[in-house]
Amino acid sequence: MAERETWTTRVGFIFAAVGSAVGLGNIWSFPFQTGSNGGAAFLVVYLAIVFLFGFPAMLMEFVIGRRSKQNPISAFRELGFGNWSFAGALGVIGSVVTLAFYSVIGGWVLSYIAGSATGAYFGEAGTFFESVSAGPLAVGTHAVFMAVTVAIVAFGVQSGIERATKVMIPAILVLLLGLAVWGFTLDGAAAGYEYYLSPDFQYLSENIATIVPSAVGQAFFTLSLGFSVMIAYASYLGRDDSLPADGGAIVVINTLVALLAGFVVFPVLFAIGVEPGSGGVGTAFVSLAGAFGQLPGGALLGAAFFFVLLLAALSSAISLLETPTSYVVDNYDYSRRTVATGLGAAIFALGVPTALDTGTLGWYNDVVFSFLLPFVVLLFALFVGWVAFDSASEELGMGTSLGGGFVTLWLWWVRVVIPVGIGLTLVLGIQDLLI
Ligand code: PFF
Ligand code: NA
């Protein structure tokens, strides 16, 4: 068996993990969720969840990955508790299913880049969405998106993922910042910021029982937690740098990108008076395209915006494919190229029904956000906190100057606070689904 690769540099790992985290969740879901759920009031709750639950949960996955230096299924066995492998396996299944849906939407983004540049959706945002989101064209763009994802993963950890994300992340940051500055100059800027961030504590408090579970799901999703992805990425760490420092940087950058996305999206929508629409992912495409189609320079700026979205989606997709790939490559005697291609083809097939009929997306949202994600993170917390806690604590303490107090606090947080918090969330989320 070939020797396992490691990231070339610490920054290489951080960029790859940021690439996984920054995605459709930041640029699509986050601004719209914030705008429609109470603005700055929602933001306070959401940030608290990200830092109090997301950050320590990310460290759990890092610890499992770096300690075992194995794929997410073998990792649990490597740490001495084989029967917990199902937890890692559930996460891997989540990443496979997610990639099927994610790649379909990645395909739409490809159509929107072309549609911006050619002006194809100008004046007909609604019909354009219909024609690119479901049908043969959507199957085709889904195939292209998946092929690019496979190509990057096939090249491996260093020459594929690390090399690609080292270019993609700076490009995302620079372009998004540029777009936000342009957004600031638009007539709709003030109204857009107002819609985005004006605090509505009353709305928040009246709806807290539904908002908190969906904010927890969104927080885990945006940080790429609960799909074993961060276990896989941390398993390629060769040196013991500070995991809390790396995790902190990743969480902060991911949050800044999400915030920045809102500073682009809402000025654009309000500049021509388009309703932000709190509907799903489709509404966001239609309303934004409607706006770009009317703005001066909309062809170029729309293309730039959708290009940012493509880079963000691609750098997440490669992490979703790397996770199952790492399992097969670690355990079977196939080349990485064969494995990435085979898995990519299977996941493409899994996504075809969605590329033909977008109705399945709602189902995905309900099952994965309200149930699978919190449930898998809960399993990881129980494993780290109550089963493998000795090696987990030791691993977290390596390379950090934070000292034993931080490790102890983290361990008890993982043991008690995270499971109780997620338990409550699950009850609320399931209740919400059933009503
Ligand atoms: N974090 C990505 C986003 O916000 O769009 C999506 C994602 C990627 C979720 C990888 C989970 C994952 F493992
Ligand atoms: Na994200």
# chains A, B, ... in the order shown; residues from 1 in each chain; ligands from 1
call {"tool": "residues_around", "arguments": {"residues": "region 216-231 of chain A", "least_positions_apart": "2", "cutoff": "7 Å", "atoms": "only C-alpha atoms", "output": "compact mmCIF listing (two decimals) with C-alpha atoms, in the first residue's frame"}}
result
# COMPACT_ATOMS: atom_id res chain seq x y z
CA SER A 20 -14.46 22.73 2.80
CA ALA A 21 -16.22 25.06 5.20
CA VAL A 22 -16.78 27.98 2.84
CA GLY A 25 -23.95 27.31 2.92
CA ASN A 26 -22.13 30.62 3.44
CA ILE A 49 -23.87 28.52 18.44
CA VAL A 50 -20.93 28.60 16.04
CA GLY A 54 -19.27 24.43 16.34
CA MET A 58 -14.57 20.82 15.11
CA GLU A 61 -13.08 15.73 14.61
CA PHE A 62 -9.54 17.12 14.39
CA ILE A 64 -9.94 11.84 16.03
CA GLY A 65 -8.29 12.41 12.65
CA PRO A 72 -12.96 8.26 9.39
CA GLY A 88 -17.63 7.54 11.34
CA GLY A 91 -20.70 10.65 8.60
CA VAL A 92 -19.18 9.20 5.43
CA GLY A 94 -23.74 11.83 4.94
CA SER A 95 -20.88 13.18 2.84
CA VAL A 212 -32.39 27.44 17.26
CA PRO A 213 -32.58 23.95 15.73
CA SER A 214 -32.18 25.30 12.22
CA TYR A 233 -8.65 16.23 6.57
CA ALA A 234 -7.02 16.18 10.02
CA SER A 235 -5.80 12.63 9.40
CA SER A 319 -13.72 17.50 0.70
CA LEU A 320 -16.98 15.57 0.40
CA THR A 323 -13.86 11.50 2.70
CA PHE A 369 -30.23 19.31 8.80
CA SER A 370 -32.74 18.39 11.48
CA LEU A 373 -26.07 16.22 11.26
CA PRO A 374 -26.87 16.78 14.95
CA VAL A 376 -23.65 12.27 14.11
CA VAL A 377 -22.05 15.17 15.99
call {"tool": "residues_around", "arguments": {"residues": "Val274 (chain A)", "least_positions_apart": "2", "cutoff": "7 Å", "atoms": "only C-alpha atoms", "output": "NGL selection string"}}
result
:A and (269-270 or 272 or 276 or 287 or 291)
call {"tool": "write_last_selection", "arguments": {"atoms": "N, CA and C atoms", "output": "mmCIF file, in the first residue's frame"}}
result
data_model
loop_
_atom_site.group_PDB
_atom_site.id
_atom_site.type_symbol
_atom_site.label_atom_id
_atom_site.label_comp_id
_atom_site.auth_asym_id
_atom_site.auth_seq_id
_atom_site.Cartn_x
_atom_site.Cartn_y
_atom_site.Cartn_z
ATOM 1 N N LEU A 269 -29.790 43.063 -4.457
ATOM 2 C CA LEU A 269 -31.242 42.854 -4.553
ATOM 3 C C LEU A 269 -31.996 44.164 -4.364
ATOM 4 N N PHE A 270 -31.578 44.957 -3.394
ATOM 5 C CA PHE A 270 -32.335 46.165 -3.087
ATOM 6 C C PHE A 270 -32.067 47.284 -4.100
ATOM 7 N N ILE A 272 -32.389 47.167 -7.166
ATOM 8 C CA ILE A 272 -33.457 47.239 -8.159
ATOM 9 C C ILE A 272 -34.777 46.773 -7.564
ATOM 10 N N PRO A 276 -36.079 39.873 -1.411
ATOM 11 C CA PRO A 276 -35.092 38.850 -1.062
ATOM 12 C C PRO A 276 -35.676 37.438 -1.044
ATOM 13 N N SER A 287 -33.939 35.391 -7.702
ATOM 14 C CA SER A 287 -33.973 36.803 -7.339
ATOM 15 C C SER A 287 -32.637 37.482 -7.649
ATOM 16 N N ALA A 291 -31.787 40.572 -10.407
ATOM 17 C CA ALA A 291 -31.114 41.833 -10.093
ATOM 18 C C ALA A 291 -29.919 42.071 -11.027
#
call {"tool": "residues_around", "arguments": {"residues": "Gly35 (chain A)", "least_positions_apart": "5", "cutoff": "7 Å", "atoms": "only C-alpha atoms", "output": "number ranges by chain"}}
result
A: 195-197
call {"tool": "write_last_selection", "arguments": {"atoms": "N, CA and C atoms", "output": "PDB file, in the first residue's frame"}}
result
ATOM      1  N   TYR A 195     -32.156  45.551   5.776  1.00  0.00           N
ATOM      2  CA  TYR A 195     -32.886  44.279   5.746  1.00  0.00           C
ATOM      3  C   TYR A 195     -32.039  43.163   6.369  1.00  0.00           C
ATOM      4  N   TYR A 196     -30.765  43.177   6.044  1.00  0.00           N
ATOM      5  CA  TYR A 196     -29.830  42.118   6.442  1.00  0.00           C
ATOM      6  C   TYR A 196     -29.634  42.091   7.962  1.00  0.00           C
ATOM      7  N   LEU A 197     -29.382  43.253   8.545  1.00  0.00           N
ATOM      8  CA  LEU A 197     -28.889  43.255   9.920  1.00  0.00           C
ATOM      9  C   LEU A 197     -29.764  43.959  10.952  1.00  0.00           C
TER      10      LEU A 197
END
call {"tool": "residues_around", "arguments": {"residues": "Ala313 (chain A)", "least_positions_apart": "6", "cutoff": "9 Å", "atoms": "only C-alpha atoms", "output": "list in words"}}
result
Gly19, Ser20, Val22, Gly23, Leu24, Gly25, Tyr102, Ser103, Ile105, Gly106 and Val109 of chain A
call {"tool": "atom_distance", "arguments": {"atom1": "CA of Phe32 (chain A)", "atom2": "CA of Ser198 (chain A)"}}
result
13.3 Å
call {"tool": "closest_residue", "arguments": {"among": "A:Gly351, A:Gly38, A:Pro31, A:Gly342", "to": "ligand 2", "atoms": "only C-alpha atoms and all ligand atoms"}}
result
A:Pro31
call {"tool": "atom_distance", "arguments": {"atom1": "CA of Leu260 (chain A)", "atom2": "CA of Leu177 (chain A)"}}
result
7.2 Å
call {"tool": "residues_around", "arguments": {"residues": "region 2-6 of chain A", "least_positions_apart": "5", "cutoff": "9 Å", "atoms": "only C-alpha atoms", "output": "number ranges by chain"}}
result
A: 69-70, 156-158, 235-239, 330, 335
call {"tool": "closest_residue", "arguments": {"among": "A:Glu322, A:Glu194, A:Asp366, A:Glu395", "to": "ligand 1", "atoms": "only C-alpha atoms and all ligand atoms"}}
result
A:Glu322
call {"tool": "residues_around", "arguments": {"residues": "region 123-136 of chain A", "least_positions_apart": "5", "cutoff": "9 Å", "atoms": "only C-alpha atoms", "output": "list of chain:residue names"}}
result
A:Val104, A:Ile105, A:Gly107, A:Trp108, A:Ser111, A:Tyr112, A:Gly115, A:Thr141, A:Gly282, A:Phe285, A:Val286, A:Ser287, A:Leu288, A:Ala289, A:Gly290, A:Ala291, A:Gly293, A:Gln294, A:Thr354, A:Ala355, A:Leu356, A:Asp357, A:Thr358
call {"tool": "write_last_selection", "arguments": {"atoms": "N, CA and C atoms", "output": "CSV table (one decimal), in the first residue's frame"}}
result
chain,number,residue,atom,x,y,z
A,104,VAL,N,-25.3,18.8,-8.0
A,104,VAL,CA,-26.4,19.3,-8.9
A,104,VAL,C,-26.5,20.8,-8.8
A,105,ILE,N,-26.4,21.4,-7.6
A,105,ILE,CA,-26.4,22.8,-7.4
A,105,ILE,C,-25.2,23.5,-8.0
A,107,GLY,N,-23.8,22.4,-10.6
A,107,GLY,CA,-24.1,22.5,-12.0
A,107,GLY,C,-24.9,23.7,-12.4
A,108,TRP,N,-25.9,24.0,-11.5
A,108,TRP,CA,-26.7,25.3,-11.8
A,108,TRP,C,-25.7,26.5,-11.8
A,111,SER,N,-24.2,27.0,-15.1
A,111,SER,CA,-25.1,27.6,-16.0
A,111,SER,C,-25.2,29.1,-15.8
A,112,TYR,N,-25.2,29.5,-14.5
A,112,TYR,CA,-25.4,30.9,-14.2
A,112,TYR,C,-24.2,31.7,-14.5
A,115,GLY,N,-24.7,32.1,-18.1
A,115,GLY,CA,-25.9,33.0,-18.3
A,115,GLY,C,-25.6,34.4,-18.0
A,141,THR,N,-24.6,19.6,-16.6
A,141,THR,CA,-23.7,20.5,-15.8
A,141,THR,C,-23.4,19.8,-14.4
A,282,GLY,N,-33.6,27.8,-4.7
A,282,GLY,CA,-34.0,28.2,-6.0
A,282,GLY,C,-34.4,29.7,-6.1
A,285,PHE,N,-31.5,32.0,-6.4
A,285,PHE,CA,-30.9,32.1,-7.8
A,285,PHE,C,-31.8,33.0,-8.6
A,286,VAL,N,-33.1,32.8,-8.5
A,286,VAL,CA,-34.0,33.6,-9.4
A,286,VAL,C,-33.9,35.1,-9.0
A,287,SER,N,-33.9,35.4,-7.7
A,287,SER,CA,-34.0,36.8,-7.3
A,287,SER,C,-32.6,37.5,-7.6
A,288,LEU,N,-31.5,36.8,-7.4
A,288,LEU,CA,-30.2,37.4,-7.7
A,288,LEU,C,-30.0,37.6,-9.2
A,289,ALA,N,-30.4,36.6,-10.0
A,289,ALA,CA,-30.3,36.8,-11.4
A,289,ALA,C,-31.1,37.9,-11.9
A,290,GLY,N,-32.3,38.0,-11.3
A,290,GLY,CA,-33.2,39.1,-11.7
A,290,GLY,C,-32.5,40.5,-11.5
A,291,ALA,N,-31.8,40.6,-10.4
A,291,ALA,CA,-31.1,41.8,-10.1
A,291,ALA,C,-29.9,42.1,-11.0
A,293,GLY,N,-29.5,41.1,-13.9
A,293,GLY,CA,-30.0,41.3,-15.2
A,293,GLY,C,-30.3,42.8,-15.5
A,294,GLN,N,-30.5,43.6,-14.4
A,294,GLN,CA,-30.9,45.0,-14.6
A,294,GLN,C,-29.8,46.0,-14.2
A,354,THR,N,-32.3,14.2,-8.7
A,354,THR,CA,-32.4,15.6,-8.3
A,354,THR,C,-32.2,16.6,-9.5
A,355,ALA,N,-31.3,16.2,-10.4
A,355,ALA,CA,-31.1,17.0,-11.6
A,355,ALA,C,-32.3,17.0,-12.5
A,356,LEU,N,-33.1,16.0,-12.3
A,356,LEU,CA,-34.3,15.9,-13.2
A,356,LEU,C,-35.5,16.5,-12.5
A,357,ASP,N,-35.5,16.5,-11.2
A,357,ASP,CA,-36.6,17.0,-10.4
A,357,ASP,C,-36.1,17.6,-9.1
A,358,THR,N,-36.2,18.9,-8.9
A,358,THR,CA,-35.6,19.5,-7.7
A,358,THR,C,-36.4,19.2,-6.4
call {"tool": "atom_distance", "arguments": {"atom1": "CA of Phe307 (chain A)", "atom2": "CA of Phe51 (chain A)"}}
result
29.1 Å
call {"tool": "residues_around", "arguments": {"residues": "Leu301 (chain A)", "least_positions_apart": "3", "cutoff": "12 Å", "atoms": "only C-alpha atoms", "output": "count of residues only"}}
result
32
call {"tool": "closest_residue", "arguments": {"among": "A:Ile208, A:Leu79, A:Met168, A:Ala57", "to": "Val387 (chain A)", "atoms": "only C-alpha atoms"}}
result
A:Leu79
call {"tool": "closest_residue", "arguments": {"among": "A:Leu378, A:Leu350, A:Val367, A:Ala16", "to": "ligand 1", "atoms": "only C-alpha atoms and all ligand atoms"}}
result
A:Ala16
call {"tool": "closest_residue", "arguments": {"among": "A:Phe155, A:Trp7, A:Phe145, A:Phe30", "to": "ligand 1", "atoms": "only C-alpha atoms and all ligand atoms"}}
result
A:Phe30
call {"tool": "closest_residue", "arguments": {"among": "A:Gly188, A:Pro324, A:Gly362, A:Gly273", "to": "Ala346 (chain A)", "atoms": "only C-alpha atoms"}}
result
A:Pro324
call {"tool": "decode", "arguments": {"residues": "region 296-428 of chain A", "atoms": "C-alpha atoms", "output": "short mmCIF file (atom, residue, chain, number, x, y, z; two decimals), in the first residue's frame"}}
result
data_model
loop_
_atom_site.label_atom_id
_atom_site.label_comp_id
_atom_site.auth_asym_id
_atom_site.auth_seq_id
_atom_site.Cartn_x
_atom_site.Cartn_y
_atom_site.Cartn_z
CA PRO A 296 -25.16 48.28 -15.12
CA GLY A 297 -22.23 45.94 -15.57
CA GLY A 298 -24.47 43.07 -14.47
CA ALA A 299 -22.99 40.66 -17.00
CA LEU A 300 -19.47 40.99 -15.68
CA LEU A 301 -20.36 41.37 -12.02
CA GLY A 302 -22.91 38.55 -12.16
CA ALA A 303 -20.31 36.31 -13.76
CA ALA A 304 -17.83 37.26 -11.02
CA PHE A 305 -20.37 36.54 -8.31
CA PHE A 306 -21.33 33.15 -9.67
CA PHE A 307 -17.67 32.35 -10.22
CA VAL A 308 -17.04 32.95 -6.50
CA LEU A 309 -19.95 30.64 -5.79
CA LEU A 310 -18.43 28.01 -8.08
CA LEU A 311 -15.03 28.14 -6.35
CA ALA A 312 -16.71 27.92 -2.95
CA ALA A 313 -18.85 24.97 -4.04
CA LEU A 314 -15.93 23.14 -5.67
CA SER A 315 -13.60 23.44 -2.69
CA SER A 316 -16.39 21.97 -0.53
CA ALA A 317 -17.21 19.23 -3.02
CA ILE A 318 -13.63 17.96 -3.07
CA SER A 319 -13.72 17.50 0.70
CA LEU A 320 -16.98 15.57 0.40
CA LEU A 321 -15.42 13.26 -2.20
CA GLU A 322 -12.11 12.93 -0.36
CA THR A 323 -13.86 11.50 2.70
CA PRO A 324 -15.21 8.26 1.16
CA THR A 325 -12.14 8.12 -1.11
CA SER A 326 -9.80 8.06 1.89
CA TYR A 327 -11.67 5.07 3.30
CA VAL A 328 -11.44 3.00 0.15
CA VAL A 329 -7.83 3.97 -0.59
CA ASP A 330 -6.76 3.12 2.97
CA ASN A 331 -8.44 -0.27 2.97
CA TYR A 332 -8.35 -1.65 -0.55
CA ASP A 333 -5.69 -2.08 -3.11
CA TYR A 334 -7.04 0.34 -5.72
CA SER A 335 -5.30 3.46 -6.90
CA ARG A 336 -6.65 6.81 -5.73
CA ARG A 337 -7.46 7.67 -9.34
CA THR A 338 -9.62 4.60 -9.79
CA VAL A 339 -11.37 5.12 -6.47
CA ALA A 340 -12.11 8.81 -6.99
CA THR A 341 -13.45 8.10 -10.47
CA GLY A 342 -15.59 5.17 -9.39
CA LEU A 343 -17.06 6.99 -6.40
CA GLY A 344 -17.58 10.12 -8.47
CA ALA A 345 -19.54 8.11 -11.07
CA ALA A 346 -21.71 6.47 -8.40
CA ILE A 347 -22.41 9.76 -6.64
CA PHE A 348 -23.20 11.37 -9.99
CA ALA A 349 -25.82 8.67 -10.58
CA LEU A 350 -27.23 9.29 -7.11
CA GLY A 351 -27.70 12.95 -8.01
CA VAL A 352 -29.43 12.39 -11.36
CA PRO A 353 -32.98 12.20 -9.94
CA THR A 354 -32.42 15.59 -8.31
CA ALA A 355 -31.06 17.01 -11.55
CA LEU A 356 -34.31 15.91 -13.18
CA ASP A 357 -36.65 17.05 -10.41
CA THR A 358 -35.58 19.49 -7.70
CA GLY A 359 -38.32 18.31 -5.34
CA THR A 360 -35.93 15.93 -3.59
CA LEU A 361 -33.92 18.89 -2.24
CA GLY A 362 -36.53 19.65 0.41
CA TRP A 363 -36.37 16.08 1.61
CA TYR A 364 -32.59 16.30 1.88
CA ASN A 365 -32.84 19.48 3.93
CA ASP A 366 -35.31 18.04 6.40
CA VAL A 367 -33.52 14.76 7.00
CA VAL A 368 -29.93 15.97 7.01
CA PHE A 369 -30.23 19.31 8.80
CA SER A 370 -32.74 18.39 11.48
CA PHE A 371 -31.62 14.87 12.09
CA LEU A 372 -28.48 13.35 10.60
CA LEU A 373 -26.07 16.22 11.26
CA PRO A 374 -26.87 16.78 14.95
CA PHE A 375 -27.10 13.03 15.51
CA VAL A 376 -23.65 12.27 14.11
CA VAL A 377 -22.05 15.17 15.99
CA LEU A 378 -23.70 13.79 19.14
CA LEU A 379 -22.15 10.37 18.49
CA PHE A 380 -18.72 11.94 17.98
CA ALA A 381 -19.11 13.86 21.24
CA LEU A 382 -20.04 10.73 23.18
CA PHE A 383 -17.10 8.86 21.66
CA VAL A 384 -14.55 11.59 22.33
CA GLY A 385 -15.93 12.55 25.73
CA TRP A 386 -16.71 9.17 27.27
CA VAL A 387 -14.84 6.51 25.32
CA ALA A 388 -11.55 7.72 23.87
CA PHE A 389 -11.16 10.65 26.25
CA ASP A 390 -7.61 9.83 27.38
CA SER A 391 -6.05 9.88 23.95
CA ALA A 392 -8.37 12.69 22.84
CA SER A 393 -7.30 14.99 25.66
CA GLU A 394 -3.66 14.19 25.16
CA GLU A 395 -3.95 14.86 21.44
CA LEU A 396 -5.66 18.21 21.93
CA GLY A 397 -2.94 19.30 24.33
CA MET A 398 -0.18 18.69 21.80
CA GLY A 399 1.22 21.75 20.11
CA THR A 400 -0.93 24.23 21.98
CA SER A 401 0.23 26.68 24.61
CA LEU A 402 -3.27 26.97 26.04
CA GLY A 403 -2.47 24.56 28.85
CA GLY A 404 -4.30 21.83 30.72
CA GLY A 405 -7.13 24.06 31.87
CA PHE A 406 -8.33 24.54 28.31
CA VAL A 407 -8.18 20.81 27.60
CA THR A 408 -10.14 19.98 30.76
CA LEU A 409 -12.76 22.61 29.99
CA TRP A 410 -13.06 21.29 26.45
CA LEU A 411 -13.40 17.69 27.63
CA TRP A 412 -16.25 18.49 30.01
CA TRP A 413 -17.87 20.66 27.41
CA VAL A 414 -17.76 17.72 24.99
CA ARG A 415 -18.97 15.32 27.66
CA VAL A 416 -21.93 17.28 28.94
CA VAL A 417 -22.76 20.57 27.24
CA ILE A 418 -22.65 19.41 23.62
CA PRO A 419 -24.70 16.22 24.15
CA VAL A 420 -27.34 18.04 26.22
CA GLY A 421 -27.49 20.91 23.73
CA ILE A 422 -27.80 18.59 20.75
CA GLY A 423 -30.30 16.39 22.57
CA LEU A 424 -32.58 19.40 23.05
CA THR A 425 -32.05 20.48 19.47
CA LEU A 426 -32.99 17.04 18.17
CA VAL A 427 -36.19 17.00 20.18
CA LEU A 428 -37.16 20.47 18.94
#
